[in-house]
file model.txt (compact mmCIF, C-alpha atoms and all ligand atoms)
# COMPACT_ATOMS: atom_id res chain seq x y z
CA VAL A 925 0.00 0.00 0.00
CA ASN A 926 1.18 3.52 -0.76
CA TYR A 927 0.10 5.85 1.97
CA GLN A 928 -0.42 9.53 1.16
CA LYS A 929 0.18 12.39 3.56
CA SER A 930 -2.76 14.69 4.09
CA ASP A 931 -3.12 17.47 6.71
CA LEU A 932 -0.34 18.38 9.11
CA ILE A 933 -1.72 17.44 12.54
CA TYR A 934 1.17 18.47 14.73
CA GLU A 935 4.67 19.88 14.40
CA GLY A 936 7.15 19.24 17.19
CA LYS A 937 10.79 20.14 17.61
CA ALA A 938 12.12 17.14 15.69
CA LYS A 939 9.12 15.73 13.82
CA LYS A 940 6.05 16.58 11.79
CA VAL A 941 2.96 14.40 12.09
CA PHE A 942 0.49 14.13 9.20
CA ALA A 943 -2.90 12.53 8.74
CA VAL A 944 -3.05 9.75 6.11
CA THR A 945 -5.51 9.99 3.22
CA GLY A 946 -8.24 7.37 3.63
CA HIS A 947 -6.78 5.89 6.83
CA SER A 948 -8.12 7.57 9.95
CA ASP A 949 -6.33 5.00 12.14
CA LEU A 950 -2.85 5.93 10.84
CA ILE A 951 -0.43 8.86 10.93
CA ILE A 952 2.79 9.64 9.07
CA GLN A 953 5.82 10.85 11.01
CA GLU A 954 8.33 12.96 9.10
CA PHE A 955 11.71 13.35 10.84
CA LYS A 956 13.21 16.84 10.63
CA ASN A 957 16.86 17.81 10.53
CA SER A 958 16.40 20.29 13.36
CA LEU A 959 17.95 19.67 16.74
CA THR A 960 17.04 21.42 19.97
CA ALA A 961 18.39 21.09 23.49
CA PHE A 962 17.92 22.65 26.91
CA ASN A 963 14.18 23.00 26.46
CA GLY A 964 14.54 24.67 23.06
CA GLU A 965 17.24 27.19 24.06
CA LYS A 966 19.90 25.71 21.78
CA LYS A 967 18.91 25.12 18.15
CA ALA A 968 20.51 23.86 14.95
CA SER A 969 19.72 22.10 11.71
CA VAL A 970 21.94 19.23 10.63
CA ASP A 971 21.73 17.70 7.14
CA LYS A 972 20.96 13.95 7.12
CA LYS A 973 20.04 13.88 10.82
CA GLY A 974 16.36 13.18 10.10
CA GLN A 975 17.07 10.34 7.71
CA LEU A 976 19.55 8.69 10.08
CA ASN A 977 17.07 8.91 12.96
CA ILE A 978 14.22 7.44 10.95
CA SER A 979 16.44 4.61 9.74
CA ILE A 980 17.74 3.83 13.23
CA SER A 981 14.25 4.08 14.75
CA THR A 982 12.86 1.79 12.05
CA MET A 983 15.51 -0.88 12.70
CA LEU A 984 14.85 -0.77 16.44
CA PHE A 985 11.04 -0.87 16.14
CA LYS A 986 11.33 -3.84 13.74
CA TYR A 987 13.73 -5.63 16.06
CA LEU A 988 11.49 -5.05 19.10
CA ALA A 989 8.52 -6.44 17.15
CA THR A 990 10.46 -9.67 16.54
CA ARG A 991 11.02 -9.81 20.30
CA GLY A 992 7.28 -9.57 21.01
CA ILE A 993 7.20 -5.85 21.75
CA PRO A 994 4.87 -4.18 19.27
CA SER A 995 5.00 -0.45 18.62
CA HIS A 996 3.05 2.03 16.55
CA TRP A 997 5.41 1.39 13.61
CA VAL A 998 3.70 0.09 10.46
CA LYS A 999 6.07 0.87 7.60
CA THR A 1000 8.89 3.19 6.57
CA ASP A 1001 8.64 4.10 2.91
CA GLU A 1002 11.32 4.94 0.34
CA ASN A 1003 10.78 8.66 0.94
CA LEU A 1004 11.65 8.03 4.58
CA ASN A 1005 8.22 8.67 5.93
CA MET A 1006 7.24 6.55 8.90
CA VAL A 1007 3.68 5.27 8.72
CA CYS A 1008 2.41 4.55 12.23
CA LYS A 1009 -0.75 3.55 14.04
CA LYS A 1010 -2.51 6.57 15.48
CA LEU A 1011 -2.27 6.51 19.27
CA LYS A 1012 -3.76 8.63 21.99
CA MET A 1013 -0.45 9.71 23.48
CA ILE A 1014 0.13 9.54 27.24
CA PRO A 1015 1.86 12.83 28.17
CA VAL A 1016 4.70 11.11 30.01
CA GLU A 1017 8.35 10.57 29.07
CA VAL A 1018 9.62 7.27 30.39
CA VAL A 1019 13.38 7.34 30.97
CA VAL A 1020 15.40 4.16 31.57
CA ARG A 1021 18.96 4.37 32.90
CA ASN A 1022 21.67 1.71 32.88
CA PHE A 1023 24.58 4.05 33.65
CA VAL A 1024 24.79 7.45 35.33
CA ALA A 1025 24.69 10.46 32.99
CA GLY A 1026 22.86 13.69 32.29
CA SER A 1027 20.31 14.97 34.76
CA LEU A 1028 20.81 12.03 37.16
CA LYS A 1029 24.52 12.75 37.47
CA LYS A 1030 23.74 16.39 38.22
CA LYS A 1031 20.89 15.67 40.64
CA PHE A 1032 22.81 13.22 42.86
CA ASN A 1033 26.41 14.23 42.07
CA LYS A 1034 27.31 10.69 40.98
CA PRO A 1035 30.24 9.81 38.71
CA GLU A 1036 29.32 9.67 35.04
CA GLY A 1037 29.25 6.13 33.68
CA GLU A 1038 28.69 4.39 37.03
CA PRO A 1039 26.57 1.27 36.38
CA ILE A 1040 23.01 1.22 37.73
CA GLN A 1041 21.72 -2.23 38.69
CA PRO A 1042 18.85 -2.85 38.37
CA ALA A 1043 18.08 -0.21 35.76
CA LEU A 1044 16.12 2.84 36.92
CA VAL A 1045 12.82 3.88 35.36
CA GLU A 1046 11.72 7.49 35.79
CA LEU A 1047 8.63 9.34 34.63
CA TYR A 1048 8.59 12.94 33.45
CA PHE A 1049 5.46 14.97 32.70
CA LYS A 1050 5.50 16.16 29.09
CA ALA A 1051 4.92 19.89 29.42
CA ASP A 1052 7.38 22.21 27.67
CA ASP A 1053 6.20 25.27 29.60
CA LEU A 1054 7.16 23.50 32.84
CA GLY A 1055 10.39 22.04 31.44
CA ASP A 1056 9.12 18.42 31.54
CA PRO A 1057 9.30 17.95 35.34
CA PHE A 1058 9.91 14.65 37.13
CA ILE A 1059 6.52 13.24 38.18
CA SER A 1060 5.69 10.62 40.81
CA ASP A 1061 2.91 8.06 40.37
CA GLU A 1062 0.85 9.92 42.96
CA GLN A 1063 1.31 13.26 41.18
CA ALA A 1064 0.42 11.64 37.84
CA LYS A 1065 -2.82 10.28 39.29
CA TRP A 1066 -3.62 13.57 41.04
CA LEU A 1067 -3.10 15.50 37.78
CA LYS A 1068 -5.19 12.86 35.95
CA VAL A 1069 -2.25 12.28 33.60
CA SER A 1070 -2.67 8.52 33.99
CA ASP A 1071 -4.03 5.76 36.23
CA GLN A 1072 -1.95 3.32 38.25
CA ALA A 1073 -2.53 0.34 35.96
CA THR A 1074 -1.29 2.33 32.96
CA LEU A 1075 1.72 3.68 34.90
CA ASP A 1076 2.58 0.12 35.92
CA SER A 1077 2.40 -1.08 32.33
CA LEU A 1078 4.57 1.82 31.11
CA LYS A 1079 7.28 0.91 33.58
CA LYS A 1080 7.02 -2.81 32.83
CA LEU A 1081 7.18 -2.25 29.08
CA ALA A 1082 10.10 0.16 29.46
CA LEU A 1083 12.10 -2.46 31.37
CA GLN A 1084 11.23 -5.15 28.81
CA ILE A 1085 12.40 -2.84 26.03
CA ASN A 1086 15.57 -2.13 27.99
CA LYS A 1087 16.21 -5.87 28.33
CA GLU A 1088 15.91 -6.34 24.56
CA LEU A 1089 17.97 -3.28 23.68
CA THR A 1090 20.77 -4.08 26.14
CA GLU A 1091 20.93 -7.44 24.40
CA ILE A 1092 21.85 -5.93 21.03
CA PHE A 1093 23.83 -2.73 21.64
CA PRO A 1094 26.89 -4.36 23.26
CA LYS A 1095 27.01 -6.82 20.36
CA VAL A 1096 27.67 -3.90 18.01
CA GLY A 1097 30.17 -2.20 20.30
CA LEU A 1098 27.78 0.32 21.86
CA LYS A 1099 26.84 1.02 25.45
CA LEU A 1100 23.21 1.96 26.03
CA VAL A 1101 23.58 4.50 28.84
CA ASP A 1102 20.00 5.79 29.02
CA PHE A 1103 17.01 6.50 26.79
CA LYS A 1104 13.53 7.98 26.67
CA LEU A 1105 10.33 6.34 25.49
CA GLU A 1106 6.79 7.56 24.88
CA PHE A 1107 3.67 5.45 24.83
CA GLY A 1108 0.09 5.80 23.67
CA ILE A 1109 -3.17 3.90 23.63
CA ASP A 1110 -4.36 2.32 20.36
CA SER A 1111 -7.95 1.90 19.17
CA ASP A 1112 -8.22 -1.43 21.05
CA GLY A 1113 -7.21 0.26 24.32
CA LYS A 1114 -3.78 -1.35 24.30
CA VAL A 1115 -0.65 0.52 25.50
CA LEU A 1116 1.82 0.68 22.60
CA LEU A 1117 5.32 2.11 22.22
CA GLY A 1118 5.19 5.29 20.12
CA ASP A 1119 7.38 8.21 19.05
CA GLU A 1120 10.97 7.21 18.14
CA ILE A 1121 14.08 5.50 19.48
CA SER A 1122 17.07 7.31 18.03
CA PRO A 1123 20.33 9.02 18.99
CA ASP A 1124 18.18 12.09 19.76
CA THR A 1125 16.50 10.13 22.54
CA CYS A 1126 19.23 7.70 23.69
CA ARG A 1127 22.72 8.08 25.11
CA LEU A 1128 25.03 5.68 23.28
CA TRP A 1129 28.74 5.44 23.97
CA ASP A 1130 31.38 3.51 22.06
CA LEU A 1131 32.01 0.45 24.24
CA LYS A 1132 35.79 0.54 23.70
CA THR A 1133 36.68 4.22 23.52
CA GLY A 1134 33.82 5.71 25.53
CA GLU A 1135 33.20 8.18 22.69
CA LYS A 1136 29.75 9.76 22.94
CA LEU A 1137 27.90 9.21 19.67
CA ASP A 1138 24.45 10.61 20.52
CA LYS A 1139 22.77 13.99 20.93
CA ASP A 1140 25.21 14.97 23.70
CA ARG A 1141 27.56 15.82 20.80
CA PHE A 1142 25.14 18.62 19.98
CA ARG A 1143 24.26 19.52 23.59
CA TYR A 1144 27.89 19.89 24.69
CA ASP A 1145 29.69 20.54 21.36
CA LEU A 1146 31.54 17.23 21.51
CA GLY A 1147 31.95 16.71 17.77
CA ASP A 1148 30.18 16.32 14.46
CA VAL A 1149 26.60 15.18 15.09
CA VAL A 1150 26.02 13.29 11.84
CA GLU A 1151 29.34 11.47 12.18
CA GLY A 1152 28.20 10.08 15.54
CA TYR A 1153 24.71 9.15 14.33
CA GLN A 1154 26.18 7.54 11.20
CA LYS A 1155 28.46 5.35 13.33
CA ILE A 1156 25.45 4.17 15.33
CA PHE A 1157 23.53 3.44 12.12
CA ASP A 1158 26.45 1.54 10.55
CA LYS A 1159 27.05 -0.60 13.62
CA LEU A 1160 23.37 -1.42 14.16
CA SER A 1161 22.63 -2.13 10.52
CA LYS A 1162 25.42 -4.73 10.40
CA LEU A 1163 23.56 -6.71 13.03
CA LEU A 1164 19.93 -5.93 12.23
CA GLU A 1165 19.76 -5.48 8.47
CA GLU A 1166 21.83 -8.38 7.14
CA LYS A 1167 19.72 -11.37 8.00
N1 LIG A 1201 15.61 12.60 26.81
C1 LIG A 1201 14.84 12.85 25.69
N2 LIG A 1201 13.98 13.91 25.70
C2 LIG A 1201 13.85 14.73 26.77
C3 LIG A 1201 14.64 14.47 27.91
C4 LIG A 1201 15.51 13.39 27.90
O1 LIG A 1201 14.92 12.12 24.70
O2 LIG A 1201 13.03 15.66 26.71
C5 LIG A 1201 16.54 11.45 26.81
C6 LIG A 1201 18.01 11.90 26.78
O3 LIG A 1201 18.47 11.95 25.45
C7 LIG A 1201 18.70 10.81 27.56
C8 LIG A 1201 17.64 10.34 28.57
O4 LIG A 1201 16.40 10.75 28.03
O5 LIG A 1201 19.03 9.73 26.71
C9 LIG A 1201 17.83 10.89 29.97
O6 LIG A 1201 17.91 12.29 29.91
P1 LIG A 1201 18.26 13.15 31.21
O7 LIG A 1201 17.15 13.03 32.19
O8 LIG A 1201 19.62 12.79 31.70
O9 LIG A 1201 18.17 14.63 30.75
P2 LIG A 1201 19.16 15.56 29.90
O10 LIG A 1201 20.53 15.39 30.46
O11 LIG A 1201 19.02 15.04 28.51
O12 LIG A 1201 18.59 16.90 30.11

call {"tool": "encode", "arguments": {"input": "model.txt", "output": "structure tokens"}}
result
Amino acid sequence: VNYQKSDLIYEGKAKKVFAVTGHSDLIIQEFKNSLTAFNGEKKASVDKKGQLNISISTMLFKYLATRGIPSHWVKTDENLNMVCKKLKMIPVEVVVRNFVAGSLKKKFNKPEGEPIQPALVELYFKADDLGDPFISDEQAKWLKVSDQATLDSLKKLALQINKELTEIFPKVGLKLVDFKLEFGIDSDGKVLLGDEISPDTCRLWDLKTGEKLDKDRFRYDLGDVVEGYQKIFDKLSKLLEEK
């Protein structure tokens, strides 16, 4: 099937979301080249970034599906549009951490790279005007962001996804430090993984050299962004594409 974009439904910092002609249950995600950090304070546009992210995300969604973890992903077409099931998004960012970095390092003054066992799952309320604050289960229920059963399934799914991802990244010489997921509810009322899994939303370090290959290159001016994302793509595609 060839899906056609119709109206723009939503434009975020890194993606555009379109309706799909004749398919009210689907959306098309277009990945932009723009990069933002620090709640939109730092901005740039990097050629090829969007296409690398959509390719990496596609490989990971496909892999997770083979491991029994379905997502909203339906198809990525030759124009690098990602056709997805339409979900009612839950306004929560689910962060999983295997090693100390980023905001956790700052918050608790822990050494960067220290292993975290078992992995931590944290919830953040998606609200740009508030800077996406950390949110407890009780606060989420009080704000009617979600109910306990849904929060429990988000955390369980996030840890299952972490288990599957930490199975593949070391095999390709990468360390999965932390990452962010978003979920939504499909038309059957099922909680499904949505959004993207890409170097914009994960911290990935070279297992041998410790080189940071993800969006921290942009955040902290650590080197060429596309070069890092391309390395991640090349390593992953060796394992996931040639089967
Ligand atoms: N993350 C994200 N979107 C956000 C916040 C965080 O994708 O709005 C990802 C980030 O790339 C990292 C993980 O979630 O892989 C944990 O981020 P952290 O809480 O350390 O915040 P940061 O240091 O990115 O501000």

call {"tool": "residues_near_point", "arguments": {"input": "model.txt", "point": "(17.8, 25.5, 24.5)", "cutoff": "12 Å", "atoms": "all atoms listed in the file", "output": "VMD selection string"}}
result
chain A and resid 937 959 to 968 1052 1055 1142 to 1144

call {"tool": "closest_atom_pairs", "arguments": {"input": "model.txt", "of": "region 1123-1167 of chain A", "to": "region 1105-1109 of chain A", "cutoff": "12 Å", "atoms": "only C-alpha atoms", "output": "tab-separated table"}}
result
residue	atom	partner	partner_atom	distance
A:Asp1124	CA	A:Leu1105	CA	11.3
A:Thr1125	CA	A:Leu1105	CA	7.8
A:Cys1126	CA	A:Leu1105	CA	9.2

call {"tool": "closest_residue", "arguments": {"input": "model.txt", "among": "A:Lys1139, A:Lys1104, A:Lys1099, A:Lys939", "to": "Leu1117 (chain A)", "atoms": "all atoms listed in the file"}}
result
A:Lys1104

call {"tool": "closest_atom_pairs", "arguments": {"input": "model.txt", "of": "chain A", "to": "ligand LIG 1201 (chain A)", "cutoff": "9 Å", "atoms": "only C-alpha atoms and all ligand atoms", "output": "Markdown table"}}
result
| residue | atom | partner | partner_atom | distance |
| --- | --- | --- | --- | --- |
| A:Ala961 | CA | A:LIG1201 | O12 | 7.8 |
| A:Phe962 | CA | A:LIG1201 | O12 | 6.6 |
| A:Asn963 | CA | A:LIG1201 | O2 | 7.4 |
| A:Glu1017 | CA | A:LIG1201 | C2 | 7.3 |
| A:Val1018 | CA | A:LIG1201 | O4 | 8.0 |
| A:Val1019 | CA | A:LIG1201 | O4 | 5.4 |
| A:Val1020 | CA | A:LIG1201 | C8 | 7.2 |
| A:Arg1021 | CA | A:LIG1201 | C9 | 7.2 |
| A:Val1024 | CA | A:LIG1201 | O8 | 8.3 |
| A:Ala1025 | CA | A:LIG1201 | O8 | 5.7 |
| A:Gly1026 | CA | A:LIG1201 | O8 | 3.4 |
| A:Ser1027 | CA | A:LIG1201 | O8 | 3.8 |
| A:Leu1028 | CA | A:LIG1201 | O8 | 5.6 |
| A:Lys1029 | CA | A:LIG1201 | O8 | 7.6 |
| A:Lys1030 | CA | A:LIG1201 | O10 | 8.5 |
| A:Glu1046 | CA | A:LIG1201 | O7 | 8.6 |
| A:Tyr1048 | CA | A:LIG1201 | C3 | 8.3 |
| A:Lys1050 | CA | A:LIG1201 | O2 | 7.9 |
| A:Asp1052 | CA | A:LIG1201 | O2 | 8.7 |
| A:Gly1055 | CA | A:LIG1201 | O2 | 8.4 |
| A:Asp1056 | CA | A:LIG1201 | O2 | 6.8 |
| A:Phe1058 | CA | A:LIG1201 | O7 | 8.9 |
| A:Leu1100 | CA | A:LIG1201 | O5 | 8.8 |
| A:Val1101 | CA | A:LIG1201 | O5 | 7.3 |
| A:Asp1102 | CA | A:LIG1201 | O5 | 4.7 |
| A:Phe1103 | CA | A:LIG1201 | O5 | 3.8 |
| A:Lys1104 | CA | A:LIG1201 | O4 | 4.2 |
| A:Leu1105 | CA | A:LIG1201 | O1 | 7.4 |
| A:Ile1121 | CA | A:LIG1201 | O1 | 8.5 |
| A:Ser1122 | CA | A:LIG1201 | O1 | 8.5 |
| A:Pro1123 | CA | A:LIG1201 | O3 | 7.3 |
| A:Asp1124 | CA | A:LIG1201 | O3 | 5.7 |
| A:Thr1125 | CA | A:LIG1201 | O1 | 3.3 |
| A:Cys1126 | CA | A:LIG1201 | O5 | 3.6 |
| A:Arg1127 | CA | A:LIG1201 | O5 | 4.3 |
| A:Leu1128 | CA | A:LIG1201 | O5 | 8.0 |
| A:Asp1138 | CA | A:LIG1201 | O3 | 7.9 |
| A:Lys1139 | CA | A:LIG1201 | O3 | 6.6 |
| A:Asp1140 | CA | A:LIG1201 | O3 | 7.6 |
| A:Arg1143 | CA | A:LIG1201 | O11 | 8.5 |

call {"tool": "atom_distance", "arguments": {"input": "model.txt", "atom1": "CA of Glu935 (chain A)", "atom2": "CA of Ile952 (chain A)"}}
result
11.7 Å

call {"tool": "residues_around", "arguments": {"input": "model.txt", "residues": "Asp1112 (chain A)", "least_positions_apart": "2", "cutoff": "12 Å", "atoms": "all atoms listed in the file", "output": "ChimeraX atom specification"}}
result
/A:949,1009-1012,1108-1110,1114-1116

call {"tool": "closest_residue", "arguments": {"input": "model.txt", "among": "A:Leu1067, A:Leu932, A:Leu976, A:Leu1098", "to": "Thr945 (chain A)", "atoms": "only C-alpha atoms"}}
result
A:Leu932

call {"tool": "closest_residue", "arguments": {"input": "model.txt", "among": "A:Ala938, A:Val925, A:Ala1082, A:Met983", "to": "Phe1157 (chain A)", "atoms": "only C-alpha atoms"}}
result
A:Met983

call {"tool": "atom_distance", "arguments": {"input": "model.txt", "atom1": "CA of Lys972 (chain A)", "atom2": "CA of Gly1152 (chain A)"}}
result
11.8 Å

call {"tool": "atom_distance", "arguments": {"input": "model.txt", "atom1": "CA of Asn1005 (chain A)", "atom2": "CA of Gly1113 (chain A)"}}
result
25.4 Å

call {"tool": "closest_residue", "arguments": {"input": "model.txt", "among": "A:Thr1074, A:Gln1154, A:Asn1033, A:Gln1084", "to": "Val1045 (chain A)", "atoms": "only C-alpha atoms"}}
result
A:Gln1084

call {"tool": "axis_aligned_box", "arguments": {"input": "model.txt", "around": "region 1064-1074 of chain A", "padding_each_side": "5 Å", "output": "AutoDock Vina command-line options"}}
result
--center_x -2.4 --center_y 7.9 --center_z 37.0 --size_x 15.6 --size_y 25.2 --size_z 18.1

call {"tool": "residues_around", "arguments": {"input": "model.txt", "residues": "Tyr934 (chain A)", "least_positions_apart": "6", "cutoff": "10 Å", "atoms": "all atoms listed in the file", "output": "VMD selection string"}}
result
chain A and resid 940 to 943 953

call {"tool": "closest_residue", "arguments": {"input": "model.txt", "among": "A:Val970, A:Ala1064, A:Ile980, A:Ile1040", "to": "Leu1004 (chain A)", "atoms": "all atoms listed in the file"}}
result
A:Ile980

call {"tool": "residues_around", "arguments": {"input": "model.txt", "residues": "Tyr927 (chain A)", "least_positions_apart": "3", "cutoff": "12 Å", "atoms": "all atoms listed in the file", "output": "ChimeraX atom specification"}}
result
/A:930,942-948,950-953,998-1003,1005-1008

call {"tool": "closest_residue", "arguments": {"input": "model.txt", "among": "A:Trp1066, A:Phe1093, A:Pro1042, A:Trp997", "to": "Lys1159 (chain A)", "atoms": "all atoms listed in the file"}}
result
A:Phe1093

call {"tool": "decode", "arguments": {"input": "model.txt", "residues": "region 1119-1129 of chain A", "atoms": "all heavy atoms", "output": "PDB file, in the first residue's frame"}}
result
ATOM      1  N   ASP A1119       6.292   7.255  19.252  1.00  0.00           N
ATOM      2  CA  ASP A1119       7.379   8.215  19.049  1.00  0.00           C
ATOM      3  C   ASP A1119       8.558   7.611  18.285  1.00  0.00           C
ATOM      4  O   ASP A1119       8.379   7.117  17.170  1.00  0.00           O
ATOM      5  CB  ASP A1119       7.801   8.781  20.413  1.00  0.00           C
ATOM      6  CG  ASP A1119       8.610  10.051  20.314  1.00  0.00           C
ATOM      7  OD1 ASP A1119       8.183  10.967  19.605  1.00  0.00           O
ATOM      8  OD2 ASP A1119       9.685  10.128  20.948  1.00  0.00           O
ATOM      9  N   GLU A1120       9.759   7.659  18.846  1.00  0.00           N
ATOM     10  CA  GLU A1120      10.965   7.206  18.145  1.00  0.00           C
ATOM     11  C   GLU A1120      11.964   6.657  19.157  1.00  0.00           C
ATOM     12  O   GLU A1120      11.856   6.926  20.354  1.00  0.00           O
ATOM     13  CB  GLU A1120      11.630   8.388  17.417  1.00  0.00           C
ATOM     14  CG  GLU A1120      12.199   9.427  18.364  1.00  0.00           C
ATOM     15  CD  GLU A1120      12.842  10.626  17.663  1.00  0.00           C
ATOM     16  OE1 GLU A1120      13.849  10.442  16.959  1.00  0.00           O
ATOM     17  OE2 GLU A1120      12.345  11.744  17.840  1.00  0.00           O
ATOM     18  N   ILE A1121      12.908   5.863  18.669  1.00  0.00           N
ATOM     19  CA  ILE A1121      14.081   5.497  19.479  1.00  0.00           C
ATOM     20  C   ILE A1121      15.282   5.791  18.603  1.00  0.00           C
ATOM     21  O   ILE A1121      15.521   5.098  17.606  1.00  0.00           O
ATOM     22  CB  ILE A1121      14.089   4.001  19.885  1.00  0.00           C
ATOM     23  CG1 ILE A1121      12.759   3.583  20.509  1.00  0.00           C
ATOM     24  CG2 ILE A1121      15.238   3.733  20.866  1.00  0.00           C
ATOM     25  CD1 ILE A1121      12.706   2.089  20.884  1.00  0.00           C
ATOM     26  N   SER A1122      16.008   6.833  18.917  1.00  0.00           N
ATOM     27  CA  SER A1122      17.067   7.312  18.028  1.00  0.00           C
ATOM     28  C   SER A1122      18.173   7.949  18.861  1.00  0.00           C
ATOM     29  O   SER A1122      18.014   8.116  20.070  1.00  0.00           O
ATOM     30  CB  SER A1122      16.471   8.348  17.071  1.00  0.00           C
ATOM     31  OG  SER A1122      16.300   9.574  17.768  1.00  0.00           O
ATOM     32  N   PRO A1123      19.272   8.341  18.226  1.00  0.00           N
ATOM     33  CA  PRO A1123      20.335   9.019  18.991  1.00  0.00           C
ATOM     34  C   PRO A1123      19.895  10.371  19.569  1.00  0.00           C
ATOM     35  O   PRO A1123      20.581  10.922  20.423  1.00  0.00           O
ATOM     36  CB  PRO A1123      21.443   9.219  17.960  1.00  0.00           C
ATOM     37  CG  PRO A1123      21.156   8.236  16.885  1.00  0.00           C
ATOM     38  CD  PRO A1123      19.679   8.075  16.845  1.00  0.00           C
ATOM     39  N   ASP A1124      18.743  10.887  19.118  1.00  0.00           N
ATOM     40  CA  ASP A1124      18.178  12.088  19.758  1.00  0.00           C
ATOM     41  C   ASP A1124      17.605  11.752  21.135  1.00  0.00           C
ATOM     42  O   ASP A1124      17.464  12.635  21.977  1.00  0.00           O
ATOM     43  CB  ASP A1124      17.017  12.658  18.920  1.00  0.00           C
ATOM     44  CG  ASP A1124      17.484  13.621  17.837  1.00  0.00           C
ATOM     45  OD1 ASP A1124      18.709  13.740  17.632  1.00  0.00           O
ATOM     46  OD2 ASP A1124      16.614  14.252  17.194  1.00  0.00           O
ATOM     47  N   THR A1125      17.224  10.500  21.322  1.00  0.00           N
ATOM     48  CA  THR A1125      16.498  10.128  22.545  1.00  0.00           C
ATOM     49  C   THR A1125      17.231   9.081  23.390  1.00  0.00           C
ATOM     50  O   THR A1125      16.684   8.603  24.384  1.00  0.00           O
ATOM     51  CB  THR A1125      15.089   9.597  22.198  1.00  0.00           C
ATOM     52  OG1 THR A1125      15.221   8.416  21.397  1.00  0.00           O
ATOM     53  CG2 THR A1125      14.261  10.609  21.440  1.00  0.00           C
ATOM     54  N   CYS A1126      18.428   8.690  22.947  1.00  0.00           N
ATOM     55  CA  CYS A1126      19.229   7.700  23.692  1.00  0.00           C
ATOM     56  C   CYS A1126      20.619   8.272  23.933  1.00  0.00           C
ATOM     57  O   CYS A1126      21.114   9.034  23.119  1.00  0.00           O
ATOM     58  CB  CYS A1126      19.474   6.440  22.852  1.00  0.00           C
ATOM     59  SG  CYS A1126      18.033   5.555  22.331  1.00  0.00           S
ATOM     60  N   ARG A1127      21.269   7.846  25.000  1.00  0.00           N
ATOM     61  CA  ARG A1127      22.720   8.076  25.113  1.00  0.00           C
ATOM     62  C   ARG A1127      23.417   6.780  24.746  1.00  0.00           C
ATOM     63  O   ARG A1127      23.140   5.738  25.343  1.00  0.00           O
ATOM     64  CB  ARG A1127      23.122   8.501  26.526  1.00  0.00           C
ATOM     65  CG  ARG A1127      22.758   9.931  26.831  1.00  0.00           C
ATOM     66  CD  ARG A1127      23.464  10.465  28.075  1.00  0.00           C
ATOM     67  NE  ARG A1127      23.253  11.898  28.185  1.00  0.00           N
ATOM     68  CZ  ARG A1127      22.241  12.448  28.872  1.00  0.00           C
ATOM     69  NH1 ARG A1127      21.395  11.690  29.523  1.00  0.00           N
ATOM     70  NH2 ARG A1127      22.092  13.749  28.897  1.00  0.00           N
ATOM     71  N   LEU A1128      24.291   6.846  23.764  1.00  0.00           N
ATOM     72  CA  LEU A1128      25.030   5.681  23.280  1.00  0.00           C
ATOM     73  C   LEU A1128      26.510   6.014  23.226  1.00  0.00           C
ATOM     74  O   LEU A1128      26.895   6.990  22.572  1.00  0.00           O
ATOM     75  CB  LEU A1128      24.514   5.278  21.889  1.00  0.00           C
ATOM     76  CG  LEU A1128      23.102   4.683  21.855  1.00  0.00           C
ATOM     77  CD1 LEU A1128      22.526   4.714  20.452  1.00  0.00           C
ATOM     78  CD2 LEU A1128      23.129   3.247  22.388  1.00  0.00           C
ATOM     79  N   TRP A1129      27.292   5.218  23.938  1.00  0.00           N
ATOM     80  CA  TRP A1129      28.744   5.437  23.969  1.00  0.00           C
ATOM     81  C   TRP A1129      29.451   4.275  23.287  1.00  0.00           C
ATOM     82  O   TRP A1129      29.010   3.124  23.402  1.00  0.00           O
ATOM     83  CB  TRP A1129      29.255   5.525  25.423  1.00  0.00           C
ATOM     84  CG  TRP A1129      28.676   6.653  26.230  1.00  0.00           C
ATOM     85  CD1 TRP A1129      27.899   7.692  25.799  1.00  0.00           C
ATOM     86  CD2 TRP A1129      28.825   6.835  27.652  1.00  0.00           C
ATOM     87  NE1 TRP A1129      27.565   8.517  26.847  1.00  0.00           N
ATOM     88  CE2 TRP A1129      28.122   8.010  28.003  1.00  0.00           C
ATOM     89  CE3 TRP A1129      29.501   6.123  28.663  1.00  0.00           C
ATOM     90  CZ2 TRP A1129      28.055   8.490  29.314  1.00  0.00           C
ATOM     91  CZ3 TRP A1129      29.441   6.602  29.973  1.00  0.00           C
ATOM     92  CH2 TRP A1129      28.723   7.777  30.287  1.00  0.00           C
TER      93      TRP A1129
END
